[in-house]
$ cat structure.cif   # mmCIF, C-alpha atoms and all ligand atoms
data_start
#
loop_
_atom_site.label_atom_id
_atom_site.label_comp_id
_atom_site.auth_asym_id
_atom_site.auth_seq_id
_atom_site.Cartn_x
_atom_site.Cartn_y
_atom_site.Cartn_z
CA MET A 152 42.26 130.54 129.94
CA ASN A 153 45.04 128.15 130.70
CA CYS A 154 44.12 124.96 132.38
CA SER A 155 46.18 122.40 130.49
CA ILE A 156 48.07 120.02 132.62
CA SER A 157 50.62 118.32 130.39
CA LYS A 158 50.25 114.61 129.63
CA ALA A 159 51.20 112.22 132.42
CA THR A 160 54.50 110.44 132.21
CA PRO A 161 55.00 107.12 134.02
CA THR A 162 56.77 108.93 136.87
CA GLN A 163 54.22 111.72 137.15
CA LYS A 164 51.86 111.87 140.11
CA PRO A 165 48.24 110.91 139.32
CA LEU A 166 45.80 113.78 138.91
CA LYS A 167 44.19 114.76 142.16
CA ILE A 168 40.45 115.17 141.68
CA VAL A 169 37.97 116.54 144.20
CA ILE A 170 34.26 115.75 143.72
CA LEU A 171 31.87 118.06 145.56
CA GLY A 172 28.60 116.21 146.27
CA GLY A 173 28.06 112.50 146.77
CA GLY A 174 24.69 112.03 145.04
CA ILE A 175 24.17 109.98 141.91
CA ALA A 176 26.37 112.20 139.72
CA GLY A 177 29.18 112.39 142.29
CA LEU A 178 29.30 108.67 143.05
CA SER A 179 29.08 107.56 139.42
CA VAL A 180 31.75 109.98 138.20
CA TYR A 181 33.96 108.72 141.02
CA ALA A 182 33.67 105.20 139.56
CA SER A 183 34.52 106.42 136.05
CA LEU A 184 37.61 108.36 137.20
CA LYS A 185 38.92 106.01 139.85
CA LYS A 186 39.23 103.35 137.12
CA LEU A 187 41.78 105.60 135.43
CA ASN A 188 43.99 105.55 138.53
CA PHE A 189 43.41 109.16 139.47
CA GLU A 190 43.44 110.16 143.11
CA VAL A 191 39.77 110.91 143.72
CA GLN A 192 38.07 112.18 146.87
CA ILE A 193 34.36 112.89 147.36
CA TYR A 194 33.13 115.55 149.78
CA GLU A 195 29.45 115.28 150.71
CA ARG A 196 27.66 117.73 152.97
CA SER A 197 25.23 115.27 154.54
CA SER A 198 26.15 112.69 157.13
CA SER A 199 26.59 109.06 156.08
CA LYS A 200 23.13 108.22 157.33
CA ARG A 201 20.71 109.32 154.66
CA SER A 202 17.11 109.58 155.73
CA SER A 203 15.56 111.42 152.79
CA GLY A 204 15.13 110.46 149.18
CA MET A 205 12.23 108.70 147.59
CA GLY A 206 12.41 107.02 144.26
CA PHE A 207 12.19 107.49 140.55
CA LEU A 208 11.69 105.85 137.23
CA LEU A 209 14.82 104.94 135.39
CA LEU A 210 14.31 104.45 131.69
CA GLU A 211 16.14 101.99 129.45
CA ASN A 212 18.81 104.54 128.48
CA GLY A 213 19.63 105.04 132.17
CA LEU A 214 20.05 101.32 132.73
CA GLN A 215 22.19 101.09 129.60
CA THR A 216 24.45 103.85 130.94
CA LEU A 217 24.76 102.11 134.31
CA LYS A 218 25.83 98.96 132.45
CA GLU A 219 28.37 100.87 130.37
CA ILE A 220 29.97 102.37 133.50
CA GLY A 221 29.89 98.86 135.02
CA LEU A 222 27.74 99.92 137.96
CA ASP A 223 24.66 97.78 137.37
CA HIS A 224 25.80 94.74 139.42
CA SER A 225 22.84 94.64 141.80
CA PHE A 226 20.33 96.54 139.67
CA ASN A 227 18.02 93.51 139.29
CA ASN A 228 17.79 93.24 143.08
CA ILE A 229 16.83 96.86 143.67
CA SER A 230 14.52 97.61 140.75
CA LYS A 231 11.08 96.65 139.61
CA LYS A 232 10.35 96.48 135.90
CA LEU A 233 7.01 98.11 135.29
CA GLU A 234 4.89 96.31 132.70
CA HIS A 235 1.90 98.60 132.09
CA TYR A 236 0.97 102.20 132.29
CA VAL A 237 -2.65 102.43 133.45
CA SER A 238 -4.27 105.85 133.18
CA PHE A 239 -7.56 106.92 134.70
CA GLU A 240 -9.60 109.95 133.83
CA HIS A 241 -12.99 111.24 135.00
CA SER A 242 -14.84 109.25 132.39
CA ASN A 243 -13.24 105.85 133.00
CA THR A 244 -13.27 103.75 136.13
CA LEU A 245 -11.30 100.83 134.74
CA GLY A 246 -8.37 102.74 133.35
CA VAL A 247 -6.67 102.49 129.99
CA SER A 248 -3.71 100.14 129.97
CA THR A 249 -0.67 100.56 127.71
CA PRO A 250 2.30 98.16 127.73
CA LEU A 251 5.57 99.68 128.92
CA GLU A 252 9.06 98.89 127.68
CA GLY A 253 12.20 99.60 129.66
CA VAL A 254 10.76 101.48 132.65
CA TYR A 255 12.21 100.58 136.06
CA ALA A 256 11.09 101.77 139.50
CA VAL A 257 14.05 102.38 141.79
CA LYS A 258 14.48 103.80 145.28
CA ARG A 259 17.01 106.61 145.46
CA ASN A 260 18.76 105.24 148.53
CA ASP A 261 19.08 101.79 146.93
CA ILE A 262 20.74 103.17 143.84
CA LEU A 263 23.08 105.23 146.04
CA ASP A 264 23.93 102.08 148.04
CA MET A 265 24.66 100.22 144.80
CA LEU A 266 27.00 103.01 143.65
CA LEU A 267 28.63 103.11 147.10
CA GLU A 268 29.69 99.47 146.73
CA ASP A 269 32.35 100.73 144.33
CA VAL A 270 33.62 103.55 146.53
CA ASP A 271 36.64 103.06 148.75
CA PRO A 272 35.45 104.39 152.17
CA LYS A 273 38.78 106.24 152.49
CA ASP A 274 37.78 108.34 149.48
CA LEU A 275 34.41 109.43 150.84
CA ASN A 276 34.18 112.34 153.28
CA TYR A 277 30.77 113.00 154.82
CA ASP A 278 29.71 116.13 156.72
CA MET A 279 31.89 118.22 154.44
CA CYS A 280 30.05 121.14 152.90
CA TYR A 281 31.55 123.20 150.08
CA ASP A 282 31.95 126.88 150.86
CA HIS A 283 34.16 128.47 148.22
CA LEU A 284 37.00 127.94 145.78
CA VAL A 285 40.37 129.65 145.93
CA PHE A 286 41.75 130.77 142.57
CA ASP A 287 45.26 131.53 141.33
CA GLU A 288 45.87 134.75 139.43
CA ASP A 289 45.48 132.96 136.07
CA GLY A 290 41.98 131.81 137.09
CA THR A 291 42.87 128.21 137.90
CA ALA A 292 41.22 126.90 141.05
CA ARG A 293 43.92 125.92 143.51
CA ALA A 294 41.87 124.71 146.47
CA VAL A 295 38.39 124.30 147.85
CA VAL A 296 37.43 125.57 151.28
CA MET A 297 34.72 123.77 153.20
CA THR A 298 32.33 125.45 155.66
CA ASP A 299 34.33 124.10 158.62
CA GLY A 300 37.43 125.86 157.23
CA THR A 301 39.14 122.74 155.87
CA THR A 302 41.12 123.59 152.73
CA ILE A 303 41.73 120.90 150.13
CA LYS A 304 44.13 121.38 147.23
CA ALA A 305 43.56 119.51 143.97
CA ASP A 306 44.23 119.61 140.21
CA VAL A 307 40.57 119.25 139.20
CA PHE A 308 37.30 120.12 140.95
CA ILE A 309 34.08 118.44 139.85
CA ALA A 310 30.92 120.03 141.20
CA ALA A 311 28.11 117.47 141.58
CA ASP A 312 26.29 119.45 144.26
CA GLY A 313 22.80 119.19 142.81
CA VAL A 314 20.09 121.51 141.58
CA TYR A 315 20.89 124.33 144.04
CA SER A 316 24.62 124.05 143.28
CA LYS A 317 26.62 126.67 145.16
CA VAL A 318 29.56 126.08 142.85
CA ARG A 319 27.34 126.97 139.89
CA SER A 320 26.16 130.18 141.59
CA ASP A 321 29.78 131.07 142.32
CA LEU A 322 30.90 130.50 138.71
CA PHE A 323 27.81 131.67 136.83
CA SER A 324 26.33 134.33 139.06
CA ASN A 325 23.88 135.67 136.48
CA VAL A 326 22.18 132.35 135.66
CA LEU A 327 18.56 132.12 136.67
CA LEU A 328 17.14 129.01 138.33
CA GLU A 329 13.41 129.54 137.87
CA GLU A 330 10.71 128.08 140.03
CA THR A 331 7.89 126.61 137.94
CA ASP A 332 4.20 126.17 138.76
CA ASP A 333 4.64 122.40 138.67
CA HIS A 334 4.94 121.44 142.32
CA GLU A 335 5.02 117.85 143.55
CA ILE A 336 4.49 115.84 146.67
CA VAL A 337 6.20 112.46 146.77
CA CYS A 338 5.55 109.85 149.42
CA LEU A 339 6.88 106.39 150.14
CA MET A 340 4.53 104.09 152.05
CA PRO A 341 5.19 100.62 153.46
CA LYS A 342 4.38 97.29 151.85
CA GLY A 343 0.68 96.43 151.93
CA PHE A 344 -0.43 100.06 151.95
CA GLY A 345 -3.27 101.25 149.74
CA THR A 346 -6.32 99.78 148.14
CA VAL A 347 -5.08 99.98 144.55
CA PRO A 348 -2.10 97.65 144.57
CA PRO A 349 -0.52 98.45 141.23
CA GLY A 350 1.39 95.12 140.92
CA ASN A 351 3.79 95.81 138.07
CA ASP A 352 1.73 98.74 136.83
CA TRP A 353 2.38 102.40 136.86
CA VAL A 354 -1.06 103.77 137.71
CA LYS A 355 -1.99 107.36 137.15
CA TYR A 356 -5.00 109.64 137.47
CA LEU A 357 -4.98 112.85 135.48
CA ASP A 358 -7.38 115.76 135.77
CA SER A 359 -5.81 118.12 133.30
CA THR A 360 -8.43 120.83 133.74
CA ALA A 361 -7.81 121.02 137.47
CA GLY A 362 -4.04 120.70 137.00
CA VAL A 363 -3.84 117.56 139.16
CA ASN A 364 -1.91 114.42 138.34
CA MET A 365 -1.46 111.59 140.79
CA GLY A 366 0.60 108.51 140.01
CA MET A 367 1.92 105.52 141.88
CA PHE A 368 3.92 102.37 141.48
CA LYS A 369 5.52 99.76 143.66
CA LEU A 370 9.19 99.28 144.28
CA TYR A 371 10.98 95.92 144.25
CA ASN A 372 10.28 95.46 148.00
CA GLU A 373 6.56 96.26 147.52
CA GLU A 374 6.76 99.68 149.15
CA LEU A 375 4.36 102.05 147.41
CA LEU A 376 5.62 105.28 145.93
CA TRP A 377 3.00 107.85 145.03
CA TYR A 378 3.38 111.35 143.70
CA LEU A 379 0.92 114.19 143.39
CA GLN A 380 1.77 116.77 140.82
CA PHE A 381 -0.23 119.97 140.91
CA ASP A 382 -0.34 123.38 139.36
CA LYS A 383 0.70 125.78 142.10
CA SER A 384 -0.99 128.75 140.42
CA LYS A 385 -4.33 126.92 140.84
CA HIS A 386 -3.84 125.15 144.17
CA GLY A 387 -1.34 127.12 146.23
CA THR A 388 1.08 125.30 148.52
CA PRO A 389 0.88 123.28 151.78
CA MET A 390 2.54 126.19 153.59
CA GLU A 391 -0.53 128.33 152.93
CA MET A 392 -2.85 125.91 154.74
CA GLU A 393 -3.66 126.19 158.44
CA TYR A 394 -2.66 122.58 159.10
CA GLY A 395 -0.02 122.37 156.40
CA MET A 396 0.34 119.11 154.52
CA VAL A 397 -2.59 117.36 156.26
CA ASP A 398 -5.08 119.96 155.00
CA PHE A 399 -3.41 120.26 151.67
CA LEU A 400 -3.70 116.55 150.85
CA LYS A 401 -7.38 116.56 151.88
CA LYS A 402 -8.03 119.39 149.47
CA PHE A 403 -7.12 117.17 146.49
CA THR A 404 -9.56 114.42 147.35
CA GLU A 405 -12.33 116.30 145.54
CA TYR A 406 -10.54 115.69 142.25
CA LEU A 407 -9.60 112.05 142.72
CA PRO A 408 -11.37 108.68 142.37
CA ASP A 409 -11.97 106.80 145.66
CA SER A 410 -9.00 104.46 145.44
CA PHE A 411 -6.57 107.37 144.93
CA LYS A 412 -8.35 109.47 147.55
CA ASP A 413 -7.92 106.68 150.07
CA ILE A 414 -4.17 106.64 149.56
CA LEU A 415 -3.88 110.38 150.07
CA LEU A 416 -5.98 110.35 153.22
CA LYS A 417 -4.22 107.39 154.84
CA SER A 418 -0.66 108.44 154.05
CA ASP A 419 1.49 109.85 156.79
CA PRO A 420 1.95 113.55 155.90
CA GLY A 421 5.25 113.46 157.80
CA LYS A 422 6.60 111.10 155.16
CA CYS A 423 5.69 113.37 152.27
CA PHE A 424 8.47 115.18 150.47
CA TYR A 425 7.50 118.51 148.96
CA TRP A 426 9.24 119.32 145.72
CA LYS A 427 9.28 122.62 143.83
CA THR A 428 10.52 121.87 140.37
CA LYS A 429 13.07 124.19 138.84
CA ARG A 430 14.05 124.99 135.30
CA MET A 431 17.19 126.56 133.90
CA ASP A 432 18.37 127.40 130.41
CA LEU A 433 21.37 125.55 129.05
CA LEU A 434 24.60 127.05 130.41
CA PRO A 435 27.03 128.46 127.82
CA ARG A 436 29.62 125.96 129.11
CA PHE A 437 29.88 123.54 132.01
CA HIS A 438 33.39 124.48 133.13
CA GLN A 439 35.63 127.31 134.10
CA ASN A 440 39.31 126.40 133.90
CA ASN A 441 39.78 123.28 136.06
CA VAL A 442 36.29 123.35 137.64
CA LEU A 443 33.55 121.30 135.95
CA LEU A 444 29.85 121.05 136.74
CA ILE A 445 28.01 117.77 136.21
CA GLY A 446 24.54 116.31 136.94
CA ASP A 447 21.84 118.63 138.28
CA ALA A 448 24.53 121.19 139.13
CA ALA A 449 25.22 121.58 135.39
CA HIS A 450 21.73 121.03 134.03
CA PRO A 451 18.65 120.80 136.28
CA LEU A 452 15.86 119.05 134.34
CA LEU A 453 12.13 119.09 134.90
CA THR A 454 10.78 115.84 136.34
CA PHE A 455 8.48 115.51 133.30
CA THR A 456 11.45 114.22 131.33
CA SER A 457 12.44 111.42 133.77
CA GLN A 458 16.00 112.05 132.61
CA GLY A 459 17.61 113.66 135.70
CA VAL A 460 19.22 110.45 136.94
CA ASN A 461 20.08 109.18 133.50
CA SER A 462 21.72 112.48 132.56
CA ALA A 463 23.85 112.42 135.72
CA LEU A 464 24.99 108.87 134.90
CA ARG A 465 25.62 109.80 131.27
CA ASP A 466 27.83 112.73 132.38
CA ALA A 467 29.93 110.32 134.43
CA LEU A 468 30.33 107.90 131.54
CA VAL A 469 31.23 110.54 128.95
CA LEU A 470 33.68 112.31 131.26
CA GLY A 471 35.45 109.05 132.09
CA ASP A 472 35.82 108.24 128.37
CA LEU A 473 37.18 111.71 127.62
CA PHE A 474 39.73 111.53 130.43
CA ALA A 475 40.78 108.09 129.18
CA GLU A 476 41.40 109.55 125.70
CA GLY A 477 42.56 113.04 126.58
CA GLY A 478 45.05 112.46 129.38
CA ARG A 479 45.56 115.77 131.17
CA ASP A 480 44.46 118.42 128.69
CA LEU A 481 41.61 119.70 130.84
CA GLU A 482 40.53 122.50 128.51
CA LYS A 483 40.06 120.01 125.66
CA ILE A 484 38.41 117.38 127.85
CA PHE A 485 35.93 119.83 129.37
CA THR A 486 35.17 121.54 126.06
CA ASP A 487 34.59 118.16 124.42
CA PHE A 488 32.44 117.17 127.39
CA TYR A 489 30.18 120.17 126.79
CA LEU A 490 30.02 119.54 123.05
CA ASP A 491 29.12 115.91 123.66
CA ARG A 492 26.40 116.61 126.25
CA LYS A 493 24.81 119.88 125.22
CA ASP A 494 22.46 118.73 122.42
CA GLU A 495 20.91 115.98 124.50
CA ILE A 496 20.49 118.27 127.51
CA GLU A 497 19.01 121.00 125.33
CA ARG A 498 16.50 118.47 123.97
CA TYR A 499 15.46 117.45 127.51
CA ILE A 500 15.10 121.11 128.54
CA LYS A 501 12.85 121.69 125.53
CA GLU A 502 10.80 118.54 126.20
CA GLY A 503 10.40 119.57 129.84
CA ASP A 504 9.25 123.05 128.82
CA GLU A 505 6.71 121.63 126.37
CA ARG A 506 5.31 119.28 129.03
CA LEU A 507 5.17 122.13 131.53
CA GLU A 508 3.30 124.30 129.06
CA GLU A 509 0.84 121.46 128.40
CA PHE A 510 0.41 120.93 132.13
CA SER A 511 -0.20 124.62 132.83
CA SER A 512 -2.64 124.96 129.94
CA ALA A 513 -4.51 121.78 130.97
CA LYS A 514 -3.55 119.90 127.84
CA LEU A 515 -1.25 117.26 129.29
CA GLN A 516 -2.11 113.93 127.69
CA GLY A 517 -0.56 110.56 127.09
CA LEU A 518 2.48 109.43 128.98
CA PRO A 519 3.89 112.10 131.25
CA LEU A 520 7.29 110.75 132.21
CA VAL A 521 7.21 112.06 135.69
CA CYS A 522 7.96 110.92 139.17
C1 LIG B 1 17.70 114.15 149.29
C2 LIG B 1 17.35 114.02 147.83
C3 LIG B 1 16.22 113.28 147.48
C4 LIG B 1 15.87 113.14 146.15
N1 LIG B 1 14.76 112.40 145.85
C5 LIG B 1 14.39 112.26 144.57
C6 LIG B 1 13.20 111.53 144.23
O1 LIG B 1 12.50 111.01 145.08
N2 LIG B 1 12.86 111.43 142.91
C7 LIG B 1 13.63 112.01 141.91
O2 LIG B 1 13.29 111.89 140.73
N3 LIG B 1 14.75 112.70 142.20
C8 LIG B 1 15.15 112.85 143.50
N4 LIG B 1 16.26 113.58 143.80
C9 LIG B 1 17.02 114.19 142.69
C10 LIG B 1 17.82 113.22 141.89
O3 LIG B 1 18.57 112.39 142.74
C11 LIG B 1 18.73 114.04 140.96
O4 LIG B 1 17.91 114.81 140.11
C12 LIG B 1 19.57 113.22 140.01
O5 LIG B 1 19.90 111.99 140.56
C13 LIG B 1 20.86 113.97 139.65
O6 LIG B 1 21.81 113.68 140.65
P1 LIG B 1 22.89 114.70 141.19
O7 LIG B 1 23.91 113.83 141.85
O8 LIG B 1 23.30 115.64 140.14
O9 LIG B 1 22.13 115.57 142.27
P2 LIG B 1 21.63 115.15 143.72
O10 LIG B 1 21.08 113.77 143.71
O11 LIG B 1 20.77 116.25 144.19
O12 LIG B 1 22.98 115.11 144.61
C14 LIG B 1 23.69 116.28 144.99
C15 LIG B 1 24.51 115.92 146.23
O13 LIG B 1 25.33 117.03 146.54
C16 LIG B 1 25.27 117.26 147.94
N5 LIG B 1 25.56 118.68 148.17
C17 LIG B 1 24.77 119.75 147.91
N6 LIG B 1 25.38 120.88 148.25
C18 LIG B 1 26.60 120.53 148.73
C19 LIG B 1 27.68 121.27 149.24
N7 LIG B 1 27.65 122.61 149.35
N8 LIG B 1 28.79 120.60 149.65
C20 LIG B 1 28.86 119.24 149.55
N9 LIG B 1 27.84 118.49 149.08
C21 LIG B 1 26.73 119.13 148.67
C22 LIG B 1 23.85 116.85 148.33
O14 LIG B 1 23.76 116.55 149.70
C23 LIG B 1 23.64 115.64 147.44
O15 LIG B 1 24.07 114.44 148.04
C24 LIG B 1 16.67 113.74 145.11
C25 LIG B 1 17.81 114.48 145.47
C26 LIG B 1 18.17 114.62 146.81
C27 LIG B 1 19.42 115.41 147.18
#
$ encode --input "structure.cif" --output "structure tokens"
Amino acid sequence: MNCSISKATPTQKPLKIVILGGGIAGLSVYASLKKLNFEVQIYERSSSKRSSGMGFLLLENGLQTLKEIGLDHSFNNISKKLEHYVSFEHSNTLGVSTPLEGVYAVKRNDILDMLLEDVDPKDLNYDMCYDHLVFDEDGTARAVVMTDGTTIKADVFIAADGVYSKVRSDLFSNVLLEETDDHEIVCLMPKGFGTVPPGNDWVKYLDSTAGVNMGMFKLYNEELLWYLQFDKSKHGTPMEMEYGMVDFLKKFTEYLPDSFKDILLKSDPGKCFYWKTKRMDLLPRFHQNNVLLIGDAAHPLLTFTSQGVNSALRDALVLGDLFAEGGRDLEKIFTDFYLDRKDEIERYIKEGDERLEEFSSAKLQGLPLVC
């Protein structure tokens, strides 16, 4: 493998970097690399108007990473710090409250907007969907071809195209992305909705025997985000119901206390996002020559870990630091990137698997870091 590009001299052209995918990983790595005066372009398959995306919990390490990349400028305005975790079970109607430290509720679109503040609009290309890479005889990628036929040449290609990454399938064709039995429905409802206003609490009901876990919290603008996590092997899917999501949500009311039931029944099923969680073993490397995978494209994580967003941000930070130190030796930078990231990612994969096993065997207790 030869993908070294010799060190830049003052007269040398800046590296041309193409980022495929403009989600959290793509936008944050843009910020890290643009700082180093590289020529960076993002290609995102969706149009500039994003309608989907709910929210998540960002933990203290995620906020710390945002700060280190220098992308936290409006974080206080778009996040809500959650103060308590209140869990309900069959036997308790009041709930058991535990103080929380460093847990922030954030809306996905708000965090994307915050990251977009640092992107030069000329560097962001919407409605551009990756199709395939073109390789030289020595295995170096020379160009990327988009589905509309546009061909873009570059020195480096960074794939941040999410959990179903096509770049990953093209480079690692034998890697298995497994569907798990942990399926989730996430829903964002307007301010004032629901009879259990959680305030600054993260409220959760868990029926581990039935494999049902419903949680909710409010965002900074008082919208309510709820999620219903269920064991698909016990409950099936909305697609199997005659009236789809409407019937499916009703089905869960038998397991839930009244206040939770009310939220399910009054929510607009059209606003519910159905999520099939995926797991994947750690890849043997995240790059092939001058093509690097980052974020969910490199390492999909189960939602139980709450580390998907943080890991994408961390990738951006580490990669920026390595480019700053390593100049243009791509093989070294990408190998060091893998060595730096792999232990942490492996730990999150293991934690996710353990939580999944507990969930499937009805033993999930304590603080499931899920959203
Ligand atoms: C629409 C959407 C909603 C989400 N909502 C939630 C949520 O509510 N809660 C939660 O915890 N996590 C959510 N996630 C996942 C979460 O954002 C990621 O797990 C995490 O932020 C890692 O980010 P990422 O940038 O690696 O992946 P993603 O955030 O998935 O971003 C990948 C980006 O690549 C783009 N893309 C994909 N294929 C191509 C292609 N062929 N060509 C060009 N671009 C491509 C996608 O449109 C997307 O913008 C959501 C992801 C998406 C895409």
$ atom_distance --input "structure.cif" --atom1 "atom CA of Arg196 of chain A" --atom2 "atom CA of Tyr281 of chain A"
7.3 Å
$ residues_near_ligand --input "structure.cif" --ligand "ligand LIG 1 (chain B)" --cutoff "8 Å" --atoms "only C-alpha atoms and all ligand atoms" --output "ChimeraX atom specification"
/A:171-178,194-197,201-208,258-259,278-282,297,311-318,337,424,445-449,451-452,454,457,459-463,521-522
$ atom_distance --input "structure.cif" --atom1 "atom CA of Leu266 of chain A" --atom2 "atom CA of Glu190 of chain A"
17.9 Å
$ closest_atom_pairs --input "structure.cif" --of "segment 211-291 of chain A" --to "segment 373-378 of chain A" --cutoff "10 Å" --atoms "only C-alpha atoms" --output "tab-separated table"
residue	atom	partner	partner_atom	distance
A:Lys231	CA	A:Glu373	CA	9.1
A:Ala256	CA	A:Leu376	CA	9.1
A:Val257	CA	A:Leu376	CA	9.8
A:Lys258	CA	A:Leu376	CA	9.0
$ closest_residue --input "structure.cif" --among "A:Leu453, A:Cys423, A:Ile414, A:Val270" --to "Arg498 of chain A" --atoms "only C-alpha atoms"
A:Leu453
$ closest_residue --input "structure.cif" --among "A:Lys493, A:Lys369, A:His450, A:Lys186" --to "Ile229 of chain A" --atoms "all atoms listed in the file"
A:Lys369
$ residues_around --input "structure.cif" --residues "Pro349 of chain A" --least-positions-apart "4" --cutoff "7 Å" --atoms "only C-alpha atoms" --output "PyMOL selection string"
chain A and resi 353-354+368-369
$ atom_distance --input "structure.cif" --atom1 "atom CA of Tyr236 of chain A" --atom2 "atom CA of Lys218 of chain A"
25.1 Å
$ closest_residue --input "structure.cif" --among "A:Leu187, A:Ile168, A:Val247, A:Val307" --to "Gly478 of chain A" --atoms "only C-alpha atoms"
A:Leu187
$ closest_residue --input "structure.cif" --among "A:His224, A:Val285, A:Asp358, A:Tyr181" --to "Asp271 of chain A" --atoms "all atoms listed in the file"
A:Tyr181
$ closest_residue --input "structure.cif" --among "A:Ala310, A:Leu434, A:Val363, A:Ala305" --to "Lys383 of chain A" --atoms "all atoms listed in the file"
A:Val363
$ residues_around --input "structure.cif" --residues "Ser384 of chain A" --least-positions-apart "5" --cutoff "12 Å" --atoms "all atoms listed in the file" --output "list in words"
Glu330, Thr331, Asp332, Asp333, His334, Ala361, Gly362, Val363, Phe510, Ser511 and Ser512 of chain A
$ write_last_selection --input "structure.cif" --atoms "C-alpha atoms" --output "tab-separated table (two decimals), in the coordinates of the input"
chain	number	residue	atom	x	y	z
A	330	GLU	CA	10.71	128.08	140.03
A	331	THR	CA	7.89	126.61	137.94
A	332	ASP	CA	4.20	126.17	138.76
A	333	ASP	CA	4.64	122.40	138.67
A	334	HIS	CA	4.94	121.44	142.32
A	361	ALA	CA	-7.81	121.02	137.47
A	362	GLY	CA	-4.04	120.70	137.00
A	363	VAL	CA	-3.84	117.56	139.16
A	510	PHE	CA	0.41	120.93	132.13
A	511	SER	CA	-0.20	124.62	132.83
A	512	SER	CA	-2.64	124.96	129.94
